[in-house]
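Next comes run.tsv, with TSV, C-alpha atoms and all ligand atoms.
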chain	number	residue	atom	x	y	z
N	1215	MET	CA	-59.68	-68.38	-49.89
N	1216	LYS	CA	-62.21	-69.95	-52.25
N	1217	ASN	CA	-65.76	-70.92	-51.41
N	1218	TYR	CA	-67.07	-74.30	-52.49
N	1219	ILE	CA	-70.26	-76.23	-52.93
N	1220	ILE	CA	-69.42	-79.92	-53.21
N	1221	GLU	CA	-72.45	-81.64	-54.64
N	1222	ASN	CA	-73.50	-85.04	-55.89
N	1223	ILE	CA	-71.74	-86.79	-53.00
N	1224	GLY	CA	-72.83	-90.45	-53.02
N	1225	GLN	CA	-71.48	-91.17	-49.54
N	1226	LEU	CA	-70.50	-88.40	-47.14
N	1227	VAL	CA	-68.26	-89.86	-44.43
N	1228	THR	CA	-68.37	-87.10	-41.80
N	1229	CYS	CA	-66.48	-88.84	-38.95
N	1230	SER	CA	-68.50	-86.31	-36.95
N	1231	GLY	CA	-67.14	-85.50	-33.49
N	1232	PHE	CA	-65.02	-83.10	-31.49
N	1233	SER	CA	-62.96	-85.48	-29.38
N	1234	ALA	CA	-61.22	-88.86	-29.68
N	1235	LYS	CA	-63.43	-91.91	-30.22
N	1236	HIS	CA	-62.78	-94.87	-27.97
N	1237	GLY	CA	-63.43	-98.57	-28.59
N	1238	LYS	CA	-66.78	-99.21	-30.26
N	1239	GLU	CA	-67.32	-95.51	-31.01
N	1240	MET	CA	-64.58	-95.87	-33.62
N	1241	SER	CA	-67.01	-97.78	-35.87
N	1242	ASP	CA	-69.39	-94.85	-36.22
N	1243	LEU	CA	-68.49	-92.83	-39.31
N	1244	GLY	CA	-71.57	-90.60	-39.32
N	1245	ILE	CA	-72.42	-91.38	-42.94
N	1246	VAL	CA	-74.93	-89.35	-44.97
N	1247	GLU	CA	-75.99	-90.51	-48.42
N	1248	ASN	CA	-76.74	-88.15	-51.33
N	1249	ALA	CA	-75.12	-85.23	-49.59
N	1250	THR	CA	-73.79	-81.71	-50.13
N	1251	VAL	CA	-71.01	-79.82	-48.36
N	1252	VAL	CA	-70.59	-76.05	-48.35
N	1253	VAL	CA	-67.27	-74.43	-47.46
N	1254	THR	CA	-67.34	-70.67	-46.91
N	1255	GLY	CA	-64.10	-68.79	-46.27
N	1256	GLY	CA	-62.25	-72.03	-45.61
N	1257	ILE	CA	-64.73	-73.21	-42.96
N	1258	ILE	CA	-67.45	-75.85	-43.31
N	1259	ALA	CA	-70.82	-74.07	-43.36
N	1260	TYR	CA	-73.04	-77.02	-44.23
N	1261	ALA	CA	-72.61	-80.81	-44.36
N	1262	GLY	CA	-75.65	-83.00	-44.79
N	1263	ALA	CA	-78.38	-84.27	-47.04
N	1264	ARG	CA	-78.81	-82.59	-50.43
N	1265	CYS	CA	-81.13	-79.67	-49.96
N	1266	ARG	CA	-82.47	-76.65	-51.85
N	1267	ASP	CA	-81.87	-74.08	-49.15
N	1268	LEU	CA	-78.13	-74.14	-48.62
N	1269	PRO	CA	-76.72	-71.61	-46.13
N	1270	LEU	CA	-74.74	-69.57	-48.66
N	1271	ASP	CA	-73.17	-66.19	-48.03
N	1272	GLY	CA	-74.81	-63.93	-50.60
N	1273	THR	CA	-71.78	-61.62	-50.74
N	1274	LYS	CA	-69.53	-64.45	-51.96
N	1275	THR	CA	-69.17	-66.48	-55.13
N	1276	TYR	CA	-69.01	-70.26	-54.88
N	1277	GLU	CA	-67.20	-72.80	-57.05
N	1278	ARG	CA	-69.32	-75.89	-57.63
N	1279	ILE	CA	-67.53	-79.23	-57.46
N	1280	ASP	CA	-69.27	-82.37	-58.68
N	1281	ALA	CA	-68.19	-85.37	-56.59
N	1282	GLY	CA	-69.62	-87.66	-59.27
N	1283	GLY	CA	-71.48	-89.85	-56.78
N	1284	ASN	CA	-68.22	-90.77	-55.04
N	1285	ALA	CA	-67.32	-90.90	-51.36
N	1286	VAL	CA	-66.19	-87.74	-49.58
N	1287	LEU	CA	-64.15	-87.80	-46.36
N	1288	PRO	CA	-62.32	-85.44	-44.01
N	1289	GLY	CA	-58.68	-84.80	-44.99
N	1290	PHE	CA	-56.29	-87.39	-43.60
N	1291	ILE	CA	-54.09	-86.38	-40.67
N	1292	ASP	CA	-50.65	-87.96	-40.49
N	1293	SER	CA	-50.03	-87.42	-36.78
N	1294	HIS	CA	-46.52	-88.90	-36.49
N	1295	THR	CA	-43.72	-88.20	-38.97
N	1296	HIS	CA	-40.08	-87.14	-39.06
N	1297	PHE	CA	-40.27	-85.57	-42.53
N	1298	VAL	CA	-37.54	-82.90	-42.18
N	1299	PHE	CA	-34.24	-84.72	-42.66
N	1300	ALA	CA	-31.29	-84.97	-45.04
N	1301	GLY	CA	-29.56	-88.10	-46.31
N	1302	TYR	CA	-30.79	-91.67	-46.64
N	1303	ARG	CA	-29.99	-95.01	-44.99
N	1304	GLU	CA	-30.73	-97.56	-47.67
N	1305	GLU	CA	-27.72	-99.70	-46.69
N	1306	GLU	CA	-29.08	-100.11	-43.14
N	1307	PHE	CA	-32.32	-101.39	-44.59
N	1308	ALA	CA	-30.36	-104.05	-46.46
N	1309	TRP	CA	-28.42	-104.97	-43.29
N	1310	ARG	CA	-31.67	-105.35	-41.37
N	1311	MET	CA	-33.12	-107.56	-44.06
N	1312	ASN	CA	-30.04	-109.73	-43.47
N	1313	GLY	CA	-30.77	-110.05	-39.77
N	1314	ASP	CA	-29.06	-107.01	-38.23
N	1315	SER	CA	-31.13	-105.18	-35.60
N	1316	TYR	CA	-32.29	-101.56	-35.45
N	1317	LEU	CA	-30.83	-100.97	-31.96
N	1318	SER	CA	-27.48	-102.63	-32.69
N	1319	ILE	CA	-27.01	-100.47	-35.81
N	1320	MET	CA	-27.77	-97.42	-33.68
N	1321	GLN	CA	-25.36	-98.51	-30.94
N	1322	ARG	CA	-22.59	-98.83	-33.57
N	1323	GLY	CA	-23.06	-95.15	-34.46
N	1324	GLY	CA	-25.44	-95.71	-37.37
N	1325	GLY	CA	-29.18	-95.26	-37.30
N	1326	ILE	CA	-30.40	-91.90	-36.03
N	1327	TYR	CA	-26.77	-90.68	-35.69
N	1328	ARG	CA	-26.21	-91.07	-39.44
N	1329	THR	CA	-29.18	-88.86	-40.19
N	1330	VAL	CA	-28.03	-86.40	-37.53
N	1331	ASP	CA	-24.71	-85.99	-39.37
N	1332	ALA	CA	-26.40	-85.42	-42.72
N	1333	THR	CA	-29.00	-83.05	-41.27
N	1334	ARG	CA	-26.38	-80.98	-39.45
N	1335	ARG	CA	-24.48	-80.56	-42.73
N	1336	ALA	CA	-27.54	-79.60	-44.81
N	1337	SER	CA	-28.43	-75.93	-45.18
N	1338	ALA	CA	-31.88	-74.73	-44.14
N	1339	GLY	CA	-32.64	-74.15	-47.82
N	1340	GLU	CA	-31.73	-77.73	-48.75
N	1341	LEU	CA	-33.81	-79.13	-45.91
N	1342	LYS	CA	-36.74	-76.96	-46.87
N	1343	ALA	CA	-36.64	-78.08	-50.51
N	1344	LEU	CA	-36.58	-81.75	-49.48
N	1345	ALA	CA	-39.39	-81.30	-46.97
N	1346	GLN	CA	-41.52	-79.33	-49.44
N	1347	ARG	CA	-41.38	-82.10	-52.05
N	1348	ARG	CA	-42.41	-84.61	-49.39
N	1349	LEU	CA	-45.37	-82.44	-48.39
N	1350	ASP	CA	-46.47	-82.19	-52.03
N	1351	ARG	CA	-46.60	-85.96	-52.29
N	1352	MET	CA	-48.45	-86.31	-48.97
N	1353	PHE	CA	-51.08	-83.89	-50.25
N	1354	GLU	CA	-51.67	-86.09	-53.31
N	1355	MET	CA	-52.49	-88.96	-50.94
N	1356	GLY	CA	-55.05	-86.86	-49.08
N	1357	VAL	CA	-53.01	-85.55	-46.16
N	1358	THR	CA	-54.19	-82.09	-45.09
N	1359	THR	CA	-52.35	-81.90	-41.73
N	1360	VAL	CA	-49.03	-83.49	-40.85
N	1361	GLU	CA	-47.14	-83.62	-37.60
N	1362	GLY	CA	-43.38	-83.17	-38.04
N	1363	LYS	CA	-40.70	-83.82	-35.46
N	1364	SER	CA	-37.23	-82.38	-35.02
N	1365	GLY	CA	-34.70	-84.79	-33.54
N	1366	TYR	CA	-32.06	-85.03	-36.26
N	1367	GLY	CA	-29.92	-82.25	-34.84
N	1368	LEU	CA	-29.59	-83.01	-31.14
N	1369	ASP	CA	-27.52	-79.82	-30.88
N	1370	ARG	CA	-29.28	-76.51	-30.44
N	1371	GLU	CA	-28.56	-75.04	-33.84
N	1372	THR	CA	-29.74	-77.97	-35.94
N	1373	GLU	CA	-32.84	-78.69	-33.85
N	1374	LEU	CA	-33.87	-75.06	-34.27
N	1375	LYS	CA	-33.03	-75.26	-37.99
N	1376	GLN	CA	-35.40	-78.20	-38.44
N	1377	LEU	CA	-38.18	-76.43	-36.54
N	1378	ARG	CA	-37.68	-73.16	-38.40
N	1379	VAL	CA	-37.92	-75.02	-41.72
N	1380	MET	CA	-41.33	-76.29	-40.62
N	1381	GLN	CA	-42.36	-72.80	-39.58
N	1382	GLU	CA	-41.33	-71.44	-42.99
N	1383	LEU	CA	-43.33	-74.19	-44.68
N	1384	GLY	CA	-46.41	-72.71	-43.02
N	1385	THR	CA	-47.36	-71.40	-46.45
N	1386	HIS	CA	-47.73	-74.96	-47.83
N	1387	PRO	CA	-51.32	-76.23	-48.27
N	1388	VAL	CA	-50.57	-79.10	-45.87
N	1389	ASP	CA	-50.79	-77.73	-42.31
N	1390	ILE	CA	-47.85	-78.64	-40.10
N	1391	VAL	CA	-47.94	-79.30	-36.36
N	1392	ALA	CA	-44.35	-79.15	-35.13
N	1393	THR	CA	-42.98	-81.30	-32.31
N	1394	TYR	CA	-39.63	-80.85	-30.56
N	1395	LEU	CA	-37.98	-84.28	-30.39
N	1396	GLY	CA	-34.51	-83.28	-29.19
N	1397	ALA	CA	-34.79	-86.33	-26.94
N	1398	HIS	CA	-34.43	-88.68	-29.93
N	1399	ALA	CA	-30.98	-89.97	-28.95
N	1400	VAL	CA	-28.21	-89.02	-26.53
N	1401	PRO	CA	-25.46	-87.18	-28.45
N	1402	GLU	CA	-21.77	-87.90	-27.97
N	1403	GLY	CA	-20.23	-86.29	-24.91
N	1404	TYR	CA	-23.44	-86.35	-22.86
N	1405	THR	CA	-25.18	-88.73	-20.49
N	1406	GLU	CA	-28.96	-89.04	-20.49
N	1407	LYS	CA	-29.10	-86.69	-17.51
N	1408	THR	CA	-26.71	-84.01	-18.78
N	1409	TYR	CA	-28.39	-84.01	-22.20
N	1410	ILE	CA	-31.84	-83.59	-20.63
N	1411	ALA	CA	-30.51	-80.66	-18.61
N	1412	PHE	CA	-29.05	-79.15	-21.81
N	1413	MET	CA	-32.39	-79.44	-23.66
N	1414	LEU	CA	-34.38	-77.97	-20.79
N	1415	GLU	CA	-32.01	-75.06	-20.21
N	1416	GLU	CA	-30.54	-74.26	-23.61
N	1417	VAL	CA	-32.97	-75.32	-26.30
N	1418	MET	CA	-36.57	-75.59	-25.12
N	1419	PRO	CA	-36.83	-72.01	-23.82
N	1420	VAL	CA	-35.94	-70.78	-27.33
N	1421	VAL	CA	-38.44	-73.19	-28.91
N	1422	ARG	CA	-41.16	-71.77	-26.65
N	1423	ARG	CA	-40.16	-68.17	-27.09
N	1424	GLU	CA	-40.17	-68.40	-30.88
N	1425	ASN	CA	-43.27	-70.61	-30.85
N	1426	LEU	CA	-41.45	-73.22	-32.94
N	1427	ALA	CA	-43.23	-76.31	-31.59
N	1428	GLU	CA	-46.52	-77.05	-29.85
N	1429	CYS	CA	-45.58	-80.55	-28.71
N	1430	CYS	CA	-42.61	-82.26	-27.16
N	1431	ASP	CA	-41.73	-85.92	-27.69
N	1432	ILE	CA	-39.10	-88.34	-26.33
N	1433	PHE	CA	-37.79	-91.74	-27.48
N	1434	CYS	CA	-38.34	-93.79	-24.30
N	1435	GLU	CA	-36.48	-97.00	-25.14
N	1436	LYS	CA	-33.91	-99.40	-23.78
N	1437	GLY	CA	-30.49	-97.81	-24.34
N	1438	VAL	CA	-31.98	-94.43	-25.28
N	1439	PHE	CA	-33.99	-92.66	-22.51
N	1440	ASN	CA	-35.07	-94.77	-19.55
N	1441	ILE	CA	-38.48	-94.51	-17.96
N	1442	GLU	CA	-37.40	-92.42	-14.93
N	1443	ASN	CA	-35.58	-89.85	-17.04
N	1444	THR	CA	-38.48	-89.79	-19.48
N	1445	ALA	CA	-40.94	-89.04	-16.67
N	1446	ARG	CA	-38.75	-86.23	-15.33
N	1447	PHE	CA	-38.32	-84.76	-18.80
N	1448	LEU	CA	-42.03	-84.86	-19.63
N	1449	GLU	CA	-42.97	-83.15	-16.38
N	1450	ALA	CA	-40.51	-80.36	-17.06
N	1451	ALA	CA	-41.72	-80.03	-20.67
N	1452	ARG	CA	-45.32	-79.75	-19.53
N	1453	ALA	CA	-44.40	-77.06	-17.03
N	1454	MET	CA	-42.88	-75.10	-19.93
N	1455	GLY	CA	-46.18	-75.27	-21.84
N	1456	PHE	CA	-45.53	-78.11	-24.29
N	1457	ARG	CA	-48.16	-80.74	-25.08
N	1458	LEU	CA	-46.71	-84.19	-24.62
N	1459	LYS	CA	-46.16	-87.13	-26.96
N	1460	LEU	CA	-44.09	-90.23	-26.41
N	1461	HIS	CA	-42.32	-92.92	-28.47
N	1462	ALA	CA	-43.37	-95.74	-26.16
N	1463	ASP	CA	-42.82	-99.49	-25.93
N	1464	GLU	CA	-41.54	-99.70	-29.52
N	1465	ILE	CA	-38.75	-102.26	-29.28
N	1466	VAL	CA	-38.68	-103.27	-25.60
N	1467	THR	CA	-41.49	-103.09	-23.00
N	1468	THR	CA	-40.54	-100.23	-20.68
N	1469	GLY	CA	-43.87	-99.05	-19.28
N	1470	GLY	CA	-44.09	-96.14	-21.72
N	1471	ALA	CA	-47.82	-96.65	-22.31
N	1472	GLU	CA	-48.57	-96.43	-18.58
N	1473	LEU	CA	-46.38	-93.35	-18.26
N	1474	ALA	CA	-48.07	-91.59	-21.20
N	1475	ALA	CA	-51.50	-92.22	-19.65
N	1476	ALA	CA	-50.37	-91.07	-16.20
N	1477	GLN	CA	-48.90	-87.88	-17.68
N	1478	ASN	CA	-52.06	-87.22	-19.71
N	1479	ALA	CA	-49.97	-87.11	-22.90
N	1480	LEU	CA	-51.77	-86.38	-26.17
N	1481	SER	CA	-50.54	-89.71	-27.51
N	1482	ALA	CA	-48.40	-92.76	-26.88
N	1483	ASP	CA	-46.90	-93.89	-30.17
N	1484	HIS	CA	-45.65	-97.24	-31.58
N	1485	LEU	CA	-46.72	-99.56	-28.68
N	1486	LEU	CA	-45.58	-102.73	-30.45
N	1487	ARG	CA	-44.60	-104.10	-27.05
N	1488	ALA	CA	-47.17	-102.39	-24.81
N	1489	SER	CA	-48.09	-104.55	-21.82
N	1490	GLU	CA	-51.61	-105.56	-20.78
N	1491	GLU	CA	-51.41	-102.99	-17.99
N	1492	GLY	CA	-50.27	-100.36	-20.47
N	1493	ILE	CA	-53.21	-101.04	-22.78
N	1494	ALA	CA	-55.63	-100.93	-19.82
N	1495	ALA	CA	-54.13	-97.63	-18.65
N	1496	LEU	CA	-54.49	-96.07	-22.12
N	1497	ALA	CA	-58.10	-97.28	-22.40
N	1498	LYS	CA	-58.99	-95.38	-19.22
N	1499	SER	CA	-57.13	-92.23	-20.23
N	1500	ASN	CA	-57.47	-89.41	-22.75
N	1501	THR	CA	-54.19	-90.44	-24.35
N	1502	VAL	CA	-54.52	-91.64	-27.94
N	1503	ALA	CA	-52.75	-94.90	-28.83
N	1504	THR	CA	-51.01	-94.03	-32.11
N	1505	LEU	CA	-50.06	-97.11	-34.12
N	1506	LEU	CA	-47.56	-97.07	-36.97
N	1507	PRO	CA	-48.05	-100.21	-39.03
N	1508	CYS	CA	-45.56	-99.25	-41.76
N	1509	THR	CA	-42.77	-99.23	-39.15
N	1510	ALA	CA	-43.52	-102.76	-37.97
N	1511	PHE	CA	-43.71	-103.75	-41.65
N	1512	SER	CA	-40.37	-102.12	-42.52
N	1513	LEU	CA	-38.62	-103.49	-39.41
N	1514	ARG	CA	-40.19	-106.91	-39.99
N	1515	GLU	CA	-41.57	-106.82	-36.44
N	1516	GLU	CA	-44.83	-108.04	-34.98
N	1517	TYR	CA	-47.59	-105.46	-35.37
N	1518	ALA	CA	-49.00	-103.52	-32.44
N	1519	GLN	CA	-52.16	-105.14	-31.11
N	1520	GLY	CA	-54.61	-102.71	-32.66
N	1521	ARG	CA	-57.61	-105.04	-32.45
N	1522	LYS	CA	-56.98	-105.77	-28.79
N	1523	MET	CA	-56.52	-102.09	-27.97
N	1524	ILE	CA	-59.80	-101.06	-29.56
N	1525	ASP	CA	-61.63	-103.97	-27.90
N	1526	ALA	CA	-60.14	-102.82	-24.58
N	1527	GLY	CA	-61.62	-99.34	-25.17
N	1528	CYS	CA	-58.58	-97.39	-26.36
N	1529	ALA	CA	-58.79	-94.47	-28.78
N	1530	VAL	CA	-56.51	-95.61	-31.61
N	1531	ALA	CA	-54.93	-93.42	-34.30
N	1532	ILE	CA	-52.78	-94.60	-37.20
N	1533	ALA	CA	-49.92	-92.66	-38.80
N	1534	THR	CA	-47.01	-93.31	-41.16
N	1535	ASP	CA	-43.94	-92.53	-38.97
N	1536	PHE	CA	-42.17	-91.44	-42.16
N	1537	ASN	CA	-38.42	-91.27	-41.41
N	1538	PRO	CA	-35.19	-92.27	-43.18
N	1539	GLY	CA	-34.48	-95.24	-40.87
N	1540	SER	CA	-37.17	-97.45	-39.40
N	1541	CYS	CA	-39.85	-96.49	-41.93
N	1542	PHE	CA	-38.95	-94.84	-45.21
N	1543	THR	CA	-42.47	-94.46	-46.51
N	1544	HIS	CA	-45.26	-91.96	-46.00
N	1545	SER	CA	-47.75	-94.03	-47.94
N	1546	ILE	CA	-51.23	-93.47	-46.55
N	1547	PRO	CA	-52.63	-96.30	-48.71
N	1548	LEU	CA	-50.08	-98.76	-47.29
N	1549	THR	CA	-50.79	-97.55	-43.74
N	1550	ILE	CA	-54.52	-98.18	-44.18
N	1551	ALA	CA	-54.02	-101.57	-45.81
N	1552	LEU	CA	-51.66	-102.81	-43.09
N	1553	ALA	CA	-53.88	-101.43	-40.31
N	1554	CYS	CA	-56.78	-103.48	-41.66
N	1555	ILE	CA	-55.04	-106.56	-43.01
N	1556	ARG	CA	-52.36	-107.04	-40.35
N	1557	MET	CA	-53.62	-105.17	-37.27
N	1558	HIS	CA	-57.22	-106.29	-37.77
N	1559	LEU	CA	-58.87	-102.87	-37.73
N	1560	THR	CA	-62.11	-102.66	-39.67
N	1561	PRO	CA	-62.23	-100.16	-42.56
N	1562	GLU	CA	-64.44	-97.94	-40.35
N	1563	GLU	CA	-61.92	-98.00	-37.52
N	1564	ALA	CA	-59.05	-97.25	-39.90
N	1565	VAL	CA	-60.87	-94.17	-41.22
N	1566	THR	CA	-61.56	-92.93	-37.67
N	1567	ALA	CA	-57.92	-93.62	-36.79
N	1568	LEU	CA	-56.67	-91.41	-39.63
N	1569	THR	CA	-59.13	-88.55	-39.12
N	1570	ILE	CA	-60.79	-87.56	-35.84
N	1571	ASN	CA	-58.55	-89.70	-33.61
N	1572	ALA	CA	-55.45	-88.44	-35.39
N	1573	ALA	CA	-56.71	-84.89	-34.83
N	1574	ALA	CA	-57.10	-85.69	-31.12
N	1575	ALA	CA	-53.54	-87.04	-31.06
N	1576	LEU	CA	-52.49	-83.50	-32.03
N	1577	GLY	CA	-54.89	-81.78	-29.62
N	1578	LYS	CA	-56.90	-80.47	-32.58
N	1579	ALA	CA	-60.13	-82.48	-32.57
N	1580	GLY	CA	-62.07	-79.23	-32.16
N	1581	SER	CA	-60.95	-77.78	-35.48
N	1582	ILE	CA	-60.04	-80.62	-37.88
N	1583	GLY	CA	-60.55	-84.38	-38.33
N	1584	SER	CA	-64.23	-84.41	-39.29
N	1585	ILE	CA	-66.71	-82.80	-41.64
N	1586	ASP	CA	-68.64	-80.79	-39.07
N	1587	VAL	CA	-69.95	-77.25	-39.36
N	1588	GLY	CA	-67.34	-74.84	-38.02
N	1589	LYS	CA	-64.32	-77.00	-38.77
N	1590	LYS	CA	-61.70	-76.31	-41.43
N	1591	GLY	CA	-62.76	-77.25	-44.94
N	1592	ASP	CA	-60.20	-80.05	-45.31
N	1593	ILE	CA	-61.97	-82.52	-47.57
N	1594	LEU	CA	-61.18	-85.47	-49.84
N	1595	ILE	CA	-63.10	-86.73	-52.84
N	1596	LEU	CA	-62.33	-90.37	-53.57
N	1597	ALA	CA	-62.37	-91.92	-57.02
N	1598	TYR	CA	-64.75	-94.59	-55.64
N	1599	PRO	CA	-68.27	-94.63	-54.20
N	1600	SER	CA	-67.33	-96.01	-50.76
N	1601	TYR	CA	-64.63	-95.53	-48.10
N	1602	ARG	CA	-64.43	-99.34	-48.11
N	1603	PHE	CA	-62.22	-99.10	-51.20
N	1604	LEU	CA	-59.45	-97.58	-49.05
N	1605	PRO	CA	-58.09	-100.88	-47.64
N	1606	TYR	CA	-59.51	-102.98	-50.45
N	1607	TYR	CA	-57.57	-101.23	-53.24
N	1608	ALA	CA	-54.51	-102.14	-51.19
N	1609	GLY	CA	-51.56	-99.83	-51.36
N	1610	MET	CA	-53.15	-97.70	-54.10
N	1611	ASN	CA	-54.18	-94.08	-53.89
N	1612	CYS	CA	-57.98	-93.77	-53.90
N	1613	VAL	CA	-57.98	-89.97	-53.52
N	1614	LYS	CA	-59.14	-88.09	-56.60
N	1615	LYS	CA	-59.08	-84.57	-55.18
N	1616	THR	CA	-57.79	-82.99	-51.98
N	1617	ILE	CA	-59.43	-79.71	-50.93
N	1618	LYS	CA	-57.55	-77.69	-48.30
N	1619	SER	CA	-59.63	-75.12	-46.42
P	1	LIG	O1	-40.25	-93.48	-34.82
P	1	LIG	N1	-37.98	-94.61	-32.83
P	1	LIG	C1	-37.45	-93.54	-32.99
P	1	LIG	N2	-37.58	-92.73	-34.01
P	1	LIG	C2	-38.01	-93.13	-35.29
P	1	LIG	C3	-36.91	-93.69	-36.09
P	1	LIG	C4	-35.94	-92.66	-36.45
P	1	LIG	C5	-34.83	-93.15	-37.32
P	1	LIG	O2	-34.50	-94.35	-37.37
P	1	LIG	O3	-34.24	-92.26	-37.96
P	1	LIG	C6	-39.23	-94.01	-35.21
P	1	LIG	O4	-39.20	-95.20	-35.54
P	2	FE	FE	-41.25	-91.92	-34.88
Can you give me the file's structure in the form of structure tokens?
Amino acid sequence: MKNYIIENIGQLVTCSGFSAKHGKEMSDLGIVENATVVVTGGIIAYAGARCRDLPLDGTKTYERIDAGGNAVLPGFIDSHTHFVFAGYREEEFAWRMNGDSYLSIMQRGGGIYRTVDATRRASAGELKALAQRRLDRMFEMGVTTVEGKSGYGLDRETELKQLRVMQELGTHPVDIVATYLGAHAVPEGYTEKTYIAFMLEEVMPVVRRENLAECCDIFCEKGVFNIENTARFLEAARAMGFRLKLHADEIVTTGGAELAAAQNALSADHLLRASEEGIAALAKSNTVATLLPCTAFSLREEYAQGRKMIDAGCAVAIATDFNPGSCFTHSIPLTIALACIRMHLTPEEAVTALTINAAAALGKAGSIGSIDVGKKGDILILAYPSYRFLPYYAGMNCVKKTIKS
């Protein structure tokens, strides 16, 4: 692991903090001008004003990096993706643009089921090669940690194959937090109840034993998993030691936001149709509201009410939701632009949503998500002097250099 001194930082955006920021707190980026950062052994040893007496380890050699007066930020955390999959669904995108709906395509055996077929057929090696290329491109856009979900196998073998691919990719510079999303759809031959029993008895014990996933997620949606079954499933998953996440209130209002808050889930994700009560419940809870603007964009849906959620006191994160169906993009620049332009987040809030709050959505706000002493040295140098260029240079990559650890 190299040691770095990053100097000549015009604007150091620390996002300082060790837990999720709610409401107004999201505007505080902890900015230091004319700053220096020292990373020793992969860990931040100093972050603050330029000074002569840096805390360097005399036994180590340091590489000096000149930030050229530009802005420096914590690495971005993409806290909701489905990046391990085979096959594509470009024809479904065209159907949707012609008025077809996401749920009706799924009910006709397309949608998630199409990707399940392709992912079952792909070898672990093929999946790994695809996923690795995607990680490389995420890294270029400043992503230093990504969450990745299973959920394109539904059977035991393929779900484990997806998770093992993520485990093997542990050597990639982008850190991966794996989530078991077997509850992504009900496979043929099962009912909601019998499939939940199958996951709990046949699959999840292996996932725990082999430490293949920290989190567990479920697609709580009309025609997929109803709210009662979701609650039962989440309780059982928690008892097995999983941290909880939830695809909630994406297409139809089901009360998923309320349930996520009541279950103390790490995050409730999507929330396009979250109710007033759901937003109020999240605001009072430790559950992060994770919004996925590229999905609303790709599905041509109304955006989640990001402005309203922050004003109500929620801790909001933003993520890409990269997947082959509802959102075939993992563009961080597009995510930031849409969050600001269409969901009415300020540039400050968007940065918080992609750093410390995204870390909290993964239960990792103590170790990543900000430039604080003791955290991992996951750091971005922009090609511009201010973080404000991120939404302003809309859809374009502002990251000049990504430093991992
Ligand atoms: O987050 N909503 C469920 N899962 C994904 C879509 C998966 C797919 O269409 O393949 C989502 O939008
Ligand atoms: Fe998703």
| query | Mind listing the residues within 9 Å of ligand LIG 1 (chain P), only C-alpha atoms and all ligand atoms counted, as a ChimeraX atom specification? | reply | /N:1294-1296,1299,1303,1316,1320,1325-1330,1365-1366,1398-1399,1432-1435,1461-1462,1464-1465,1483-1484,1506,1509,1535-1541
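Between ligand FE 2 (chain P) and the residues N:Leu1485, N:Cys1265, N:Ala1343, N:Val1379, the shortest atom-to-atom distance, using only C-alpha atoms and all ligand atoms, involves N:Leu1485.
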| request: Name the residues, using the chain letters and numbers of the file, that sit within 10 Å of (-70.9, -95.4, -43.6) when counting all atoms listed in the file, and give them as JSON, numbers by chain. | output: {"N": [1225, 1226, 1227, 1228, 1229, 1241, 1242, 1243, 1244, 1245, 1246, 1247, 1285, 1561, 1562, 1600, 1601, 1602]}
| field | Non-local contacts of region 1487-1503 of chain N (8 Å; all atoms listed in the file; under 4 positions in same chain excluded) as a PyMOL selection string | value | chain N and resi 1234+1236+1462-1467+1469-1472+1474-1476+1478-1483+1518+1523+1526-1531+1571+1574-1575
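Closest to ligand FE 2 (chain P) among N:Glu1424, N:Lys1363, N:Val1565, N:Ile1582 is N:Lys1363, based on all atoms listed in the file.
Candidate residues N:Asp1280, N:Asp1586, N:Glu1373, N:Glu1406 were compared for distance to Phe1447 (chain N), and the nearest is N:Glu1406, using all atoms listed in the file.
For the pair CA of Ala1259 (chain N) and CA of Leu1383 (chain N), the separation is 27.5 Å.
With distances taken over all atoms listed in the file, N:Gly1362 is the one residue among N:Gly1384, N:Pro1419, N:Gly1437, N:Gly1362 lying closest to ligand FE 2 (chain P).
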Go ahead and find all residues with at least one atom no further than 12 Å from (-50.2, -86.3, -51.4) in the file's coordinates, using only C-alpha atoms; report them as a compact mmCIF listing (two decimals) with C-alpha atoms, in the coordinates of the input.
# COMPACT_ATOMS: atom_id res chain seq x y z
CA GLY N 1289 -58.68 -84.80 -44.99
CA PHE N 1290 -56.29 -87.39 -43.60
CA ILE N 1291 -54.09 -86.38 -40.67
CA ASP N 1292 -50.65 -87.96 -40.49
CA GLN N 1346 -41.52 -79.33 -49.44
CA ARG N 1347 -41.38 -82.10 -52.05
CA ARG N 1348 -42.41 -84.61 -49.39
CA LEU N 1349 -45.37 -82.44 -48.39
CA ASP N 1350 -46.47 -82.19 -52.03
CA ARG N 1351 -46.60 -85.96 -52.29
CA MET N 1352 -48.45 -86.31 -48.97
CA PHE N 1353 -51.08 -83.89 -50.25
CA GLU N 1354 -51.67 -86.09 -53.31
CA MET N 1355 -52.49 -88.96 -50.94
CA GLY N 1356 -55.05 -86.86 -49.08
CA VAL N 1357 -53.01 -85.55 -46.16
CA THR N 1358 -54.19 -82.09 -45.09
CA THR N 1359 -52.35 -81.90 -41.73
CA VAL N 1360 -49.03 -83.49 -40.85
CA PRO N 1387 -51.32 -76.23 -48.27
CA VAL N 1388 -50.57 -79.10 -45.87
CA HIS N 1544 -45.26 -91.96 -46.00
CA SER N 1545 -47.75 -94.03 -47.94
CA ILE N 1546 -51.23 -93.47 -46.55
CA PRO N 1547 -52.63 -96.30 -48.71
CA LEU N 1594 -61.18 -85.47 -49.84
CA ASN N 1611 -54.18 -94.08 -53.89
CA CYS N 1612 -57.98 -93.77 -53.90
CA VAL N 1613 -57.98 -89.97 -53.52
CA LYS N 1614 -59.14 -88.09 -56.60
CA LYS N 1615 -59.08 -84.57 -55.18
CA THR N 1616 -57.79 -82.99 -51.98
CA ILE N 1617 -59.43 -79.71 -50.93
CA LYS N 1618 -57.55 -77.69 -48.30
